[in-house]
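Source file coords21.pdb; content: PDB, C-alpha atoms.
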```pdb
ATOM      1  CA  MET B 451      90.074 123.044  84.016
ATOM      2  CA  ARG B 452      91.800 119.730  83.356
ATOM      3  CA  VAL B 453      92.600 117.756  86.498
ATOM      4  CA  VAL B 454      95.060 114.832  86.403
ATOM      5  CA  SER B 455      95.971 112.609  89.337
ATOM      6  CA  GLY B 456      97.299 109.099  89.904
ATOM      7  CA  ILE B 457      97.128 106.564  92.700
ATOM      8  CA  GLN B 458      99.316 103.494  93.108
ATOM      9  CA  PRO B 459      97.477 100.148  93.075
ATOM     10  CA  THR B 460      99.426  98.744  95.995
ATOM     11  CA  GLY B 461      97.792  96.973  98.910
ATOM     12  CA  LYS B 462      94.279  97.504 100.175
ATOM     13  CA  PRO B 463      93.174 101.157 100.405
ATOM     14  CA  HIS B 464      92.645 102.457 103.917
ATOM     15  CA  LEU B 465      90.930 105.333 105.672
ATOM     16  CA  GLY B 466      93.930 107.593 105.111
ATOM     17  CA  ASN B 467      93.698 107.069 101.328
ATOM     18  CA  TYR B 468      89.955 107.699 101.439
ATOM     19  CA  LEU B 469      89.981 110.907 103.495
ATOM     20  CA  GLY B 470      93.309 112.194 102.193
ATOM     21  CA  ALA B 471      92.822 111.564  98.472
ATOM     22  CA  ILE B 472      89.758 109.698  97.233
ATOM     23  CA  VAL B 473      87.199 112.058  98.805
ATOM     24  CA  ASN B 474      88.931 114.917  97.024
ATOM     25  CA  TYR B 475      88.942 112.982  93.733
ATOM     26  CA  VAL B 476      85.165 112.848  93.929
ATOM     27  CA  LYS B 477      84.922 116.569  94.747
ATOM     28  CA  LEU B 478      87.297 117.515  91.922
ATOM     29  CA  GLN B 479      85.494 115.225  89.498
ATOM     30  CA  ASP B 480      82.184 116.911  90.268
ATOM     31  CA  GLU B 481      83.669 120.431  90.173
ATOM     32  CA  ALA B 482      85.418 119.828  86.858
ATOM     33  CA  HIS B 483      82.342 118.202  85.341
ATOM     34  CA  ALA B 484      80.081 121.054  86.478
ATOM     35  CA  ALA B 485      82.484 123.628  85.018
ATOM     36  CA  GLY B 486      82.731 121.855  81.673
ATOM     37  CA  GLY B 487      86.255 120.651  82.439
ATOM     38  CA  GLU B 488      87.810 117.206  82.492
ATOM     39  CA  CYS B 489      89.162 114.882  85.168
ATOM     40  CA  PHE B 490      91.711 112.115  84.543
ATOM     41  CA  ILE B 491      92.453 109.607  87.306
ATOM     42  CA  PHE B 492      94.886 106.808  86.576
ATOM     43  CA  LEU B 493      96.200 103.776  88.400
ATOM     44  CA  ALA B 494      99.963 104.171  88.502
ATOM     45  CA  ASP B 495     100.872 100.567  87.731
ATOM     46  CA  LEU B 496     104.020 101.593  85.844
ATOM     47  CA  HIS B 497     105.186 103.378  88.988
ATOM     48  CA  ALA B 498     104.475 100.238  91.019
ATOM     49  CA  ILE B 499     107.195  98.269  89.209
ATOM     50  CA  SER B 500     109.900 100.725  90.336
ATOM     51  CA  GLN B 501     110.226  98.620  93.485
ATOM     52  CA  PRO B 502     110.063  94.859  94.085
ATOM     53  CA  HIS B 503     106.549  93.551  93.559
ATOM     54  CA  ASP B 504     104.540  90.397  93.042
ATOM     55  CA  PRO B 505     103.065  90.386  89.497
ATOM     56  CA  ALA B 506      99.936  88.455  90.502
ATOM     57  CA  GLU B 507      99.315  90.873  93.388
ATOM     58  CA  LEU B 508      99.748  93.861  91.078
ATOM     59  CA  THR B 509      97.092  92.474  88.741
ATOM     60  CA  GLN B 510      94.675  91.869  91.610
ATOM     61  CA  ASN B 511      95.422  95.193  93.314
ATOM     62  CA  THR B 512      94.861  97.102  90.071
ATOM     63  CA  ARG B 513      91.362  95.694  89.669
ATOM     64  CA  GLU B 514      90.585  96.095  93.368
ATOM     65  CA  MET B 515      91.630  99.748  93.237
ATOM     66  CA  VAL B 516      89.207 100.345  90.374
ATOM     67  CA  ALA B 517      86.466  98.739  92.461
ATOM     68  CA  THR B 518      87.441 100.894  95.443
ATOM     69  CA  LEU B 519      87.430 104.169  93.510
ATOM     70  CA  VAL B 520      84.051 103.450  91.938
ATOM     71  CA  ALA B 521      82.626 102.329  95.286
ATOM     72  CA  CYS B 522      83.801 105.617  96.819
ATOM     73  CA  GLY B 523      82.058 107.721  94.177
ATOM     74  CA  VAL B 524      84.481 108.110  91.276
ATOM     75  CA  ASP B 525      82.126 108.023  88.286
ATOM     76  CA  PRO B 526      83.556 106.669  84.987
ATOM     77  CA  SER B 527      80.940 108.713  83.121
ATOM     78  CA  LYS B 528      82.443 111.910  84.570
ATOM     79  CA  THR B 529      86.083 110.843  84.983
ATOM     80  CA  VAL B 530      88.553 109.252  82.588
ATOM     81  CA  LEU B 531      89.577 106.298  84.780
ATOM     82  CA  PHE B 532      92.365 104.063  83.449
ATOM     83  CA  ASN B 533      95.704 102.411  84.192
ATOM     84  CA  GLN B 534      99.019 103.597  82.774
ATOM     85  CA  ALA B 535      99.945 100.248  81.226
ATOM     86  CA  GLN B 536      97.106 100.584  78.689
ATOM     87  CA  VAL B 537      98.328 103.997  77.534
ATOM     88  CA  PRO B 538     101.871 103.546  76.108
ATOM     89  CA  ALA B 539     102.171 107.302  75.598
ATOM     90  CA  HIS B 540     103.024 107.681  79.302
ATOM     91  CA  ALA B 541     106.193 105.622  78.923
ATOM     92  CA  GLU B 542     106.997 107.142  75.522
ATOM     93  CA  LEU B 543     106.741 110.680  76.810
ATOM     94  CA  GLN B 544     108.846 109.805  79.841
ATOM     95  CA  TRP B 545     111.673 108.712  77.539
ATOM     96  CA  LEU B 546     111.381 111.878  75.467
ATOM     97  CA  LEU B 547     111.467 114.004  78.638
ATOM     98  CA  ASN B 548     114.479 112.114  79.998
ATOM     99  CA  GLY B 549     116.519 114.162  77.540
ATOM    100  CA  THR B 550     115.363 117.346  79.264
ATOM    101  CA  ALA B 551     115.387 116.239  82.915
ATOM    102  CA  ARG B 552     118.705 116.634  84.738
ATOM    103  CA  MET B 553     120.499 114.228  87.076
ATOM    104  CA  GLY B 554     120.951 116.999  89.623
ATOM    105  CA  TRP B 555     117.213 117.646  89.715
ATOM    106  CA  LEU B 556     116.437 113.980  90.363
ATOM    107  CA  ASN B 557     119.205 113.634  92.942
ATOM    108  CA  ARG B 558     117.507 116.338  95.014
ATOM    109  CA  MET B 559     114.182 114.498  95.189
ATOM    110  CA  THR B 560     113.429 113.843  98.870
ATOM    111  CA  GLN B 561     111.421 110.682  98.156
ATOM    112  CA  TRP B 562     114.349 109.200  96.223
ATOM    113  CA  LYS B 563     116.601 109.778  99.209
ATOM    114  CA  ASP B 564     114.041 108.346 101.628
ATOM    115  CA  LYS B 565     113.170 105.248  99.605
ATOM    116  CA  ALA B 566     116.708 104.472  98.469
ATOM    117  CA  GLY B 567     118.218 104.976 101.917
ATOM    118  CA  LYS B 568     121.878 104.011 102.094
ATOM    119  CA  ASN B 569     121.593 101.415  99.335
ATOM    120  CA  ARG B 570     121.317 103.745  96.345
ATOM    121  CA  GLU B 571     123.492 101.532  94.171
ATOM    122  CA  GLY B 572     121.097  98.631  94.713
ATOM    123  CA  GLN B 573     117.947 100.510  93.648
ATOM    124  CA  SER B 574     116.275 100.234  90.269
ATOM    125  CA  VAL B 575     116.788 102.932  87.676
ATOM    126  CA  ALA B 576     112.995 103.249  87.648
ATOM    127  CA  LEU B 577     112.945 104.353  91.289
ATOM    128  CA  PHE B 578     115.386 107.153  90.421
ATOM    129  CA  THR B 579     113.605 108.285  87.254
ATOM    130  CA  TYR B 580     109.974 107.799  88.237
ATOM    131  CA  PRO B 581     109.512 111.552  88.909
ATOM    132  CA  VAL B 582     110.081 112.001  85.151
ATOM    133  CA  LEU B 583     107.267 109.510  84.538
ATOM    134  CA  GLN B 584     105.142 111.561  86.932
ATOM    135  CA  ALA B 585     105.927 114.619  84.850
ATOM    136  CA  ALA B 586     104.894 112.739  81.699
ATOM    137  CA  ASP B 587     101.677 111.617  83.412
ATOM    138  CA  VAL B 588     100.444 115.181  83.811
ATOM    139  CA  LEU B 589     102.111 116.935  80.859
ATOM    140  CA  LEU B 590     100.711 114.385  78.369
ATOM    141  CA  TYR B 591      97.194 115.650  79.057
ATOM    142  CA  GLN B 592      98.091 119.348  79.347
ATOM    143  CA  ALA B 593      96.900 119.269  82.954
ATOM    144  CA  THR B 594      95.977 122.615  84.468
ATOM    145  CA  HIS B 595      95.565 121.322  88.034
ATOM    146  CA  VAL B 596      97.183 118.418  89.878
ATOM    147  CA  PRO B 597      96.014 117.468  93.397
ATOM    148  CA  VAL B 598      99.105 117.116  95.565
ATOM    149  CA  GLY B 599      99.887 116.454  99.186
ATOM    150  CA  GLU B 600     102.925 117.857 100.946
ATOM    151  CA  ASP B 601     104.981 114.802  99.943
ATOM    152  CA  GLN B 602     104.345 115.331  96.216
ATOM    153  CA  LYS B 603     104.836 119.094  95.899
ATOM    154  CA  GLN B 604     108.481 118.633  94.958
ATOM    155  CA  HIS B 605     107.603 116.250  92.134
ATOM    156  CA  LEU B 606     105.096 118.704  90.659
ATOM    157  CA  GLU B 607     107.743 121.433  90.813
ATOM    158  CA  LEU B 608     110.021 119.091  88.878
ATOM    159  CA  ALA B 609     107.300 118.568  86.264
ATOM    160  CA  ARG B 610     107.030 122.331  85.867
ATOM    161  CA  ASP B 611     110.824 122.656  85.556
ATOM    162  CA  ILE B 612     110.916 119.962  82.861
ATOM    163  CA  ALA B 613     108.018 121.570  80.987
ATOM    164  CA  GLN B 614     109.596 125.018  81.174
ATOM    165  CA  LYS B 615     113.018 123.833  79.985
ATOM    166  CA  PHE B 616     111.493 121.828  77.134
ATOM    167  CA  ASN B 617     109.415 124.814  76.035
ATOM    168  CA  ASN B 618     112.502 127.061  76.191
ATOM    169  CA  ASP B 619     114.769 124.618  74.360
ATOM    170  CA  PHE B 620     112.500 123.309  71.605
ATOM    171  CA  CYS B 621     109.506 125.608  71.117
ATOM    172  CA  PRO B 622     108.954 129.088  69.697
ATOM    173  CA  GLU B 623     108.666 131.660  72.466
ATOM    174  CA  ASP B 624     105.050 132.414  71.548
ATOM    175  CA  ALA B 625     104.015 128.755  71.176
ATOM    176  CA  PRO B 626     105.052 126.635  74.155
ATOM    177  CA  LEU B 627     104.135 122.965  73.880
ATOM    178  CA  PHE B 628     103.512 122.080  77.500
ATOM    179  CA  THR B 629     101.104 123.655  79.965
ATOM    180  CA  LEU B 630     102.713 124.325  83.351
ATOM    181  CA  PRO B 631     100.390 122.550  85.810
ATOM    182  CA  GLU B 632      99.312 124.271  88.999
ATOM    183  CA  PRO B 633      99.124 122.412  92.320
ATOM    184  CA  TYR B 634      95.672 121.880  93.723
ATOM    185  CA  ILE B 635      95.984 121.560  97.484
ATOM    186  CA  PRO B 636      92.588 120.722  98.962
ATOM    187  CA  PRO B 637      91.823 123.132 101.808
ATOM    188  CA  ALA B 638      90.735 120.328 104.105
ATOM    189  CA  ALA B 639      93.047 117.505 103.047
ATOM    190  CA  ALA B 640      92.977 115.132 105.991
ATOM    191  CA  ARG B 641      96.245 113.722 107.298
ATOM    192  CA  ILE B 642      95.273 110.449 108.936
ATOM    193  CA  MET B 643      97.771 108.819 111.273
ATOM    194  CA  SER B 644      98.307 105.264 112.484
ATOM    195  CA  LEU B 645      95.942 103.943 115.147
ATOM    196  CA  ARG B 646      98.998 102.521 116.935
ATOM    197  CA  ASP B 647     101.288 105.567 116.633
ATOM    198  CA  GLY B 648      99.856 109.046 116.253
ATOM    199  CA  THR B 649     103.177 110.390 114.913
ATOM    200  CA  ALA B 650     103.262 108.051 111.870
ATOM    201  CA  LYS B 651     100.971 108.194 108.840
ATOM    202  CA  MET B 652      98.402 105.443 108.391
ATOM    203  CA  SER B 653     100.063 103.106 105.926
ATOM    204  CA  LYS B 654      99.386  99.966 103.916
ATOM    205  CA  SER B 655     102.957  98.841 104.619
ATOM    206  CA  ASP B 656     102.634  98.887 108.426
ATOM    207  CA  PRO B 657     102.993  95.259 109.557
ATOM    208  CA  SER B 658     100.155  95.688 112.068
ATOM    209  CA  ASP B 659      96.679  95.447 110.558
ATOM    210  CA  MET B 660      95.407  97.136 113.744
ATOM    211  CA  SER B 661      97.194 100.339 112.706
ATOM    212  CA  ARG B 662      94.709 101.130 109.958
ATOM    213  CA  ILE B 663      91.046 101.019 108.997
ATOM    214  CA  SER B 664      90.836  99.289 105.616
ATOM    215  CA  LEU B 665      87.960 100.213 103.340
ATOM    216  CA  THR B 666      87.237  96.474 103.114
ATOM    217  CA  ASP B 667      86.831  96.062 106.901
ATOM    218  CA  ASP B 668      83.387  95.001 108.088
ATOM    219  CA  ALA B 669      81.513  96.748 110.907
ATOM    220  CA  ASP B 670      82.769  94.434 113.650
ATOM    221  CA  THR B 671      86.392  94.848 112.556
ATOM    222  CA  ILE B 672      86.098  98.636 112.448
ATOM    223  CA  MET B 673      84.633  98.782 115.958
ATOM    224  CA  LYS B 674      87.320  96.427 117.266
ATOM    225  CA  LYS B 675      90.157  98.491 115.748
ATOM    226  CA  ILE B 676      88.792 101.773 117.105
ATOM    227  CA  LYS B 677      88.232 100.247 120.540
ATOM    228  CA  LYS B 678      91.861  99.073 120.609
ATOM    229  CA  ALA B 679      93.326 102.269 119.090
ATOM    230  CA  LYS B 680      96.121 103.721 121.197
ATOM    231  CA  THR B 681      95.079 106.642 123.411
ATOM    232  CA  ASP B 682      96.024 108.121 126.778
ATOM    233  CA  PRO B 683      94.179 108.077 130.121
ATOM    234  CA  GLU B 684      93.155 111.754 130.053
ATOM    235  CA  PRO B 685      89.671 112.875 128.941
ATOM    236  CA  LEU B 686      89.312 114.971 125.818
ATOM    237  CA  PRO B 687      90.010 118.664 126.422
ATOM    238  CA  SER B 688      87.527 121.411 125.682
ATOM    239  CA  GLU B 689      90.023 123.444 123.652
ATOM    240  CA  GLU B 690      92.362 122.536 120.797
ATOM    241  CA  LYS B 691      95.536 123.556 122.632
ATOM    242  CA  GLY B 692      94.792 120.788 125.134
ATOM    243  CA  LEU B 693      95.691 118.248 122.419
ATOM    244  CA  GLU B 694      99.316 119.397 122.237
ATOM    245  CA  ASP B 695     101.643 116.424 122.791
ATOM    246  CA  ARG B 696      98.645 114.058 122.578
ATOM    247  CA  ALA B 697      99.178 112.731 119.048
ATOM    248  CA  GLU B 698      96.847 109.748 119.294
ATOM    249  CA  ALA B 699      93.993 111.784 120.766
ATOM    250  CA  LEU B 700      94.451 114.451 118.104
ATOM    251  CA  ASN B 701      94.366 111.796 115.386
ATOM    252  CA  LEU B 702      91.059 110.305 116.532
ATOM    253  CA  VAL B 703      89.493 113.746 116.904
ATOM    254  CA  GLY B 704      90.816 114.636 113.440
ATOM    255  CA  ILE B 705      89.260 111.521 111.922
ATOM    256  CA  TYR B 706      85.890 112.381 113.488
ATOM    257  CA  GLY B 707      86.180 115.915 112.134
ATOM    258  CA  ALA B 708      87.130 114.774 108.638
ATOM    259  CA  LEU B 709      84.146 112.428 108.485
ATOM    260  CA  THR B 710      81.667 115.059 109.672
ATOM    261  CA  GLY B 711      83.207 118.170 108.098
ATOM    262  CA  LYS B 712      83.721 119.675 111.547
ATOM    263  CA  SER B 713      86.830 121.426 112.834
ATOM    264  CA  VAL B 714      88.837 120.033 115.747
ATOM    265  CA  ALA B 715      87.427 122.839 117.908
ATOM    266  CA  GLU B 716      83.854 121.872 116.977
ATOM    267  CA  VAL B 717      84.468 118.202 117.780
ATOM    268  CA  LEU B 718      85.957 119.151 121.154
ATOM    269  CA  GLY B 719      82.959 121.412 121.777
ATOM    270  CA  GLU B 720      80.811 118.297 121.464
ATOM    271  CA  PHE B 721      83.008 115.776 123.314
ATOM    272  CA  GLY B 722      85.265 117.906 125.535
ATOM    273  CA  GLY B 723      85.483 116.544 129.077
ATOM    274  CA  GLN B 724      84.417 113.045 128.024
ATOM    275  CA  GLY B 725      86.712 110.050 128.128
ATOM    276  CA  PHE B 726      87.577 107.725 125.270
ATOM    277  CA  GLY B 727      85.077 105.227 126.650
ATOM    278  CA  ALA B 728      82.392 107.531 125.244
ATOM    279  CA  PHE B 729      84.244 108.983 122.256
ATOM    280  CA  LYS B 730      85.542 105.769 120.701
ATOM    281  CA  PRO B 731      82.106 104.129 120.270
ATOM    282  CA  ALA B 732      80.783 107.346 118.701
ATOM    283  CA  LEU B 733      83.727 107.432 116.299
ATOM    284  CA  GLY B 734      83.355 103.726 115.504
ATOM    285  CA  GLU B 735      79.660 104.104 114.712
ATOM    286  CA  LEU B 736      80.386 107.093 112.477
ATOM    287  CA  LEU B 737      83.029 105.104 110.589
ATOM    288  CA  VAL B 738      80.677 102.150 110.144
ATOM    289  CA  GLU B 739      77.915 104.469 108.895
ATOM    290  CA  THR B 740      80.308 106.088 106.396
ATOM    291  CA  LEU B 741      82.189 103.031 105.188
ATOM    292  CA  SER B 742      79.472 100.344 105.145
ATOM    293  CA  PRO B 743      77.906 101.508 101.834
ATOM    294  CA  ILE B 744      81.399 101.728 100.311
ATOM    295  CA  ASN B 745      82.229  98.246 101.567
ATOM    296  CA  ALA B 746      78.973  96.818 100.194
ATOM    297  CA  ARG B 747      79.533  98.352  96.752
ATOM    298  CA  PHE B 748      83.161  97.219  96.731
ATOM    299  CA  MET B 749      82.171  93.634  97.523
ATOM    300  CA  GLU B 750      79.718  93.740  94.586
ATOM    301  CA  LEU B 751      82.391  94.963  92.193
ATOM    302  CA  LYS B 752      85.623  93.309  93.254
ATOM    303  CA  ASP B 753      84.980  89.894  91.669
ATOM    304  CA  ASP B 754      83.327  91.267  88.523
ATOM    305  CA  GLN B 755      86.518  91.190  86.465
ATOM    306  CA  GLU B 756      84.686  91.770  83.188
ATOM    307  CA  SER B 757      83.093  95.021  84.385
ATOM    308  CA  LEU B 758      86.305  96.298  85.983
ATOM    309  CA  ASP B 759      88.344  95.568  82.852
ATOM    310  CA  ALA B 760      85.695  97.283  80.740
ATOM    311  CA  ILE B 761      85.941 100.435  82.868
ATOM    312  CA  LEU B 762      89.726 100.475  82.423
ATOM    313  CA  ALA B 763      89.509  99.772  78.687
ATOM    314  CA  ARG B 764      87.019 102.598  78.089
ATOM    315  CA  GLY B 765      89.097 105.028  80.127
ATOM    316  CA  ALA B 766      92.314 103.983  78.394
ATOM    317  CA  ALA B 767      90.785 104.520  74.952
ATOM    318  CA  GLN B 768      89.745 108.041  75.982
ATOM    319  CA  ALA B 769      93.168 108.729  77.507
ATOM    320  CA  ARG B 770      95.014 107.524  74.392
ATOM    321  CA  GLU B 771      92.894 109.806  72.233
ATOM    322  CA  HIS B 772      93.557 112.825  74.460
ATOM    323  CA  GLY B 773      97.300 112.143  74.639
ATOM    324  CA  VAL B 774      98.018 111.737  70.913
ATOM    325  CA  PRO B 775      98.318 115.459  70.006
ATOM    326  CA  THR B 776     100.804 116.199  72.802
ATOM    327  CA  LEU B 777     102.916 113.109  72.097
ATOM    328  CA  ASP B 778     103.022 113.787  68.354
ATOM    329  CA  ALA B 779     103.973 117.417  68.956
ATOM    330  CA  THR B 780     106.769 116.332  71.321
ATOM    331  CA  TYR B 781     108.317 113.985  68.739
ATOM    332  CA  LYS B 782     108.090 116.746  66.136
ATOM    333  CA  ALA B 783     109.628 119.387  68.416
ATOM    334  CA  LEU B 784     112.604 117.068  69.045
ATOM    335  CA  GLY B 785     113.151 116.532  65.317
ATOM    336  CA  LEU B 786     112.406 112.810  65.391
ATOM    337  CA  VAL B 787     111.353 111.329  62.022
ATOM    338  CA  ARG B 788     108.333 109.047  62.398
ATOM    339  CA  GLY B 789     106.795 108.869  58.910
ATOM    340  CA  ARG B 790     103.032 108.794  58.615
TER     341      ARG B 790
END
```
Would you mind writing the structure in this file as structure tokens?
Amino acid sequence: MRVVSGIQPTGKPHLGNYLGAIVNYVKLQDEAHAAGGECFIFLADLHAISQPHDPAELTQNTREMVATLVACGVDPSKTVLFNQAQVPAHAELQWLLNGTARMGWLNRMTQWKDKAGKNREGQSVALFTYPVLQAADVLLYQATHVPVGEDQKQHLELARDIAQKFNNDFCPEDAPLFTLPEPYIPPAAARIMSLRDGTAKMSKSDPSDMSRISLTDDADTIMKKIKKAKTDPEPLPSEEKGLEDRAEALNLVGIYGALTGKSVAEVLGEFGGQGFGAFKPALGELLVETLSPINARFMELKDDQESLDAILARGAAQAREHGVPTLDATYKALGLVRGR
């Protein structure tokens, strides 16, 4: 079992990142380690430059994301934790795979259409081709499993298509070069929505800070945001079907369930019939209890640049070592002369 996953170092991580991705990183790390497998988690800083960015912010966000992951339980002794920029093989392999990827495949990518909008001509080439870099990210390490949400399934399918075509075009039938990665879809992946709009995902890019719980928020801020979270005047129902067309109520119940490991039905069994005047304080206290240790550890780490850089350097050295055989074999399969 070799798990590979990346996370963009953009903005301050929020509750949606924690419950939707980081919690599962920790679970996968522990599962892979217990089974004698390996787990690679990288900060996708090369992906971050596909859209306009502030270089100084990218530097700071990269280090802060390392601090966040470690504070949340990602263990550098169990996980190869690094950033793409320190492993040139990611960019090299992307270029080699660009010869196999097809324009038509990339044109069909939903995220390209969404992010480019009507101004496709004004977008960077990197935004168009970054799914090929994503393919390189996982194929470089011969990943067997890649954690994906609904919005990334298509990109993993593209990685499999690229791997399959490369194997068919350049490898003996009985000796394919690339492993076709399988999606790992966590059974309880939480989908956390905005505190201001229950139909929109919680997002770092939302202009309202009140729309999200940041992992750096202190206890008072968390309680304030939950208290002011959008709801409706009705009490919580006793059954799940009573949450239909009540997106904000469903979101808050879902957050409580994700934090406690309970189903929506179980949460409603506990709070059904009560108003938000009772439920919100309970949810706020649960969030504070869960996030306070993470916040404390993050605050310890975030300004320790030497330690954070050392974590990245160690992980990058391990990643470079693991990636060399695949990269060398790719150059050879393509007939590229590199000398010794």
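The neighbours of Thr550 in chain B here are the residues that come within 9 Å of it, using all atoms listed in the file and leaving out any residue fewer than 4 positions away in the same chain; they are Leu546, Ile612, Ala613, Lys615, Phe616 and Asp619 of chain B.
With all atoms listed in the file as the basis for measurement, B:Asp682 is the residue among B:Glu690, B:Asp695, B:Asp668, B:Asp682 that approaches Arg646 in chain B most closely.
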From the options B:Ala708, B:Leu786, B:Val714, B:Ala679, which residue's atoms come nearest to Lys691 in chain B, counting all atoms listed in the file? B:Val714
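We find CA of Gly765 in chain B and CA of Ala585 in chain B to be spaced 19.9 Å apart.
Listed by chain and then by number, the residues chosen by the PyMOL selection byres ((chain B and resi 741) around 9) in this file are B:Cys522, B:Leu665, B:Thr666, B:Asp667, B:Asp668, B:Ala669, B:Leu736, B:Leu737, B:Val738, B:Glu739, B:Thr740, B:Ser742, B:Pro743, B:Ile744, B:Asn745, B:Ala746.
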To test your reading of the syntax: which residues would the PyMOL selection byres ((chain B and resi 589) around 10) return for the file shown? Reply as an mmCIF file with C-alpha atoms, in the coordinates of the input.
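Once everything was written out, this is expr.cif:
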```cif
data_model
loop_
_atom_site.group_PDB
_atom_site.id
_atom_site.type_symbol
_atom_site.label_atom_id
_atom_site.label_comp_id
_atom_site.auth_asym_id
_atom_site.auth_seq_id
_atom_site.Cartn_x
_atom_site.Cartn_y
_atom_site.Cartn_z
ATOM 1 C CA VAL B 454 95.060 114.832 86.403
ATOM 2 C CA HIS B 540 103.024 107.681 79.302
ATOM 3 C CA LEU B 543 106.741 110.680 76.810
ATOM 4 C CA GLN B 544 108.846 109.805 79.841
ATOM 5 C CA LEU B 583 107.267 109.510 84.538
ATOM 6 C CA GLN B 584 105.142 111.561 86.932
ATOM 7 C CA ALA B 585 105.927 114.619 84.850
ATOM 8 C CA ALA B 586 104.894 112.739 81.699
ATOM 9 C CA ASP B 587 101.677 111.617 83.412
ATOM 10 C CA VAL B 588 100.444 115.181 83.811
ATOM 11 C CA LEU B 590 100.711 114.385 78.369
ATOM 12 C CA TYR B 591 97.194 115.650 79.057
ATOM 13 C CA GLN B 592 98.091 119.348 79.347
ATOM 14 C CA ALA B 593 96.900 119.269 82.954
ATOM 15 C CA THR B 594 95.977 122.615 84.468
ATOM 16 C CA ALA B 609 107.300 118.568 86.264
ATOM 17 C CA ARG B 610 107.030 122.331 85.867
ATOM 18 C CA ILE B 612 110.916 119.962 82.861
ATOM 19 C CA ALA B 613 108.018 121.570 80.987
ATOM 20 C CA LEU B 627 104.135 122.965 73.880
ATOM 21 C CA PHE B 628 103.512 122.080 77.500
ATOM 22 C CA THR B 629 101.104 123.655 79.965
ATOM 23 C CA LEU B 630 102.713 124.325 83.351
ATOM 24 C CA PRO B 631 100.390 122.550 85.810
ATOM 25 C CA GLY B 773 97.300 112.143 74.639
ATOM 26 C CA THR B 776 100.804 116.199 72.802
ATOM 27 C CA LEU B 777 102.916 113.109 72.097
#
```
Determine, counting only C-alpha atoms, which protein, DNA and RNA residues have an atom within 9 Å of an atom of Asp759 in chain B; residues of the same chain fewer than 5 positions away are not included. Present the result as a compact mmCIF listing (two decimals) with C-alpha atoms, in the frame of the given file.
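And here's result_34.txt as it stands now:
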```txt
# COMPACT_ATOMS: atom_id res chain seq x y z
CA ARG B 513 91.36 95.69 89.67
CA VAL B 516 89.21 100.34 90.37
CA ASP B 754 83.33 91.27 88.52
CA ARG B 764 87.02 102.60 78.09
```
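The list of residues with at least one atom within 12 Å of Asp495 in chain B, based on all atoms listed in the file and without residues fewer than 6 positions apart in the same chain, reads Gly456, Ile457, Gln458, Pro459, Thr460, Gln501, His503, Pro505, Glu507, Leu508, Thr509, Gln510, Asn511, Thr512, Arg513, Met515, Val516, Phe532, Asn533, Gln534, Ala535, Gln536, Val537, His540, Ala541, Tyr580, Leu583, Gln584 and Asp587 of chain B.
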Filtering to C-alpha atoms, could you give me those residues as a PDB file, in the frame of the given file?
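Contents of the output file again.pdb:
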```pdb
ATOM      1  CA  GLY B 456      97.299 109.099  89.904  1.00  0.00           C
ATOM      2  CA  ILE B 457      97.128 106.564  92.700  1.00  0.00           C
ATOM      3  CA  GLN B 458      99.316 103.494  93.108  1.00  0.00           C
ATOM      4  CA  PRO B 459      97.477 100.148  93.075  1.00  0.00           C
ATOM      5  CA  THR B 460      99.426  98.744  95.995  1.00  0.00           C
ATOM      6  CA  GLN B 501     110.226  98.620  93.485  1.00  0.00           C
ATOM      7  CA  HIS B 503     106.549  93.551  93.559  1.00  0.00           C
ATOM      8  CA  PRO B 505     103.065  90.386  89.497  1.00  0.00           C
ATOM      9  CA  GLU B 507      99.315  90.873  93.388  1.00  0.00           C
ATOM     10  CA  LEU B 508      99.748  93.861  91.078  1.00  0.00           C
ATOM     11  CA  THR B 509      97.092  92.474  88.741  1.00  0.00           C
ATOM     12  CA  GLN B 510      94.675  91.869  91.610  1.00  0.00           C
ATOM     13  CA  ASN B 511      95.422  95.193  93.314  1.00  0.00           C
ATOM     14  CA  THR B 512      94.861  97.102  90.071  1.00  0.00           C
ATOM     15  CA  ARG B 513      91.362  95.694  89.669  1.00  0.00           C
ATOM     16  CA  MET B 515      91.630  99.748  93.237  1.00  0.00           C
ATOM     17  CA  VAL B 516      89.207 100.345  90.374  1.00  0.00           C
ATOM     18  CA  PHE B 532      92.365 104.063  83.449  1.00  0.00           C
ATOM     19  CA  ASN B 533      95.704 102.411  84.192  1.00  0.00           C
ATOM     20  CA  GLN B 534      99.019 103.597  82.774  1.00  0.00           C
ATOM     21  CA  ALA B 535      99.945 100.248  81.226  1.00  0.00           C
ATOM     22  CA  GLN B 536      97.106 100.584  78.689  1.00  0.00           C
ATOM     23  CA  VAL B 537      98.328 103.997  77.534  1.00  0.00           C
ATOM     24  CA  HIS B 540     103.024 107.681  79.302  1.00  0.00           C
ATOM     25  CA  ALA B 541     106.193 105.622  78.923  1.00  0.00           C
ATOM     26  CA  TYR B 580     109.974 107.799  88.237  1.00  0.00           C
ATOM     27  CA  LEU B 583     107.267 109.510  84.538  1.00  0.00           C
ATOM     28  CA  GLN B 584     105.142 111.561  86.932  1.00  0.00           C
ATOM     29  CA  ASP B 587     101.677 111.617  83.412  1.00  0.00           C
TER      30      ASP B 587
END
```
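Of the listed residues (B:Gly692, B:Glu684, B:Gly572, B:Ile761), B:Glu684 comes nearest to Gln724 in chain B; the distances count all atoms listed in the file.
Distances from B:Leu645, B:Met660, B:Ile472, B:Ala640 to Gly711 in chain B were compared using only C-alpha atoms, and the smallest one belongs to B:Ala640.
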Pull out every residue that the PyMOL selection byres ((chain B and resi 467) around 10) matches in the shown coordinates and put them as a ChimeraX atom specification. /B:457,462-466,468-473,640-642,652-654,664-665
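With all atoms listed in the file as the atoms that count, the residue of B:Glu542, B:Ala650, B:Gly554, B:Lys568 with the shortest distance to Asp778 in chain B is B:Glu542.
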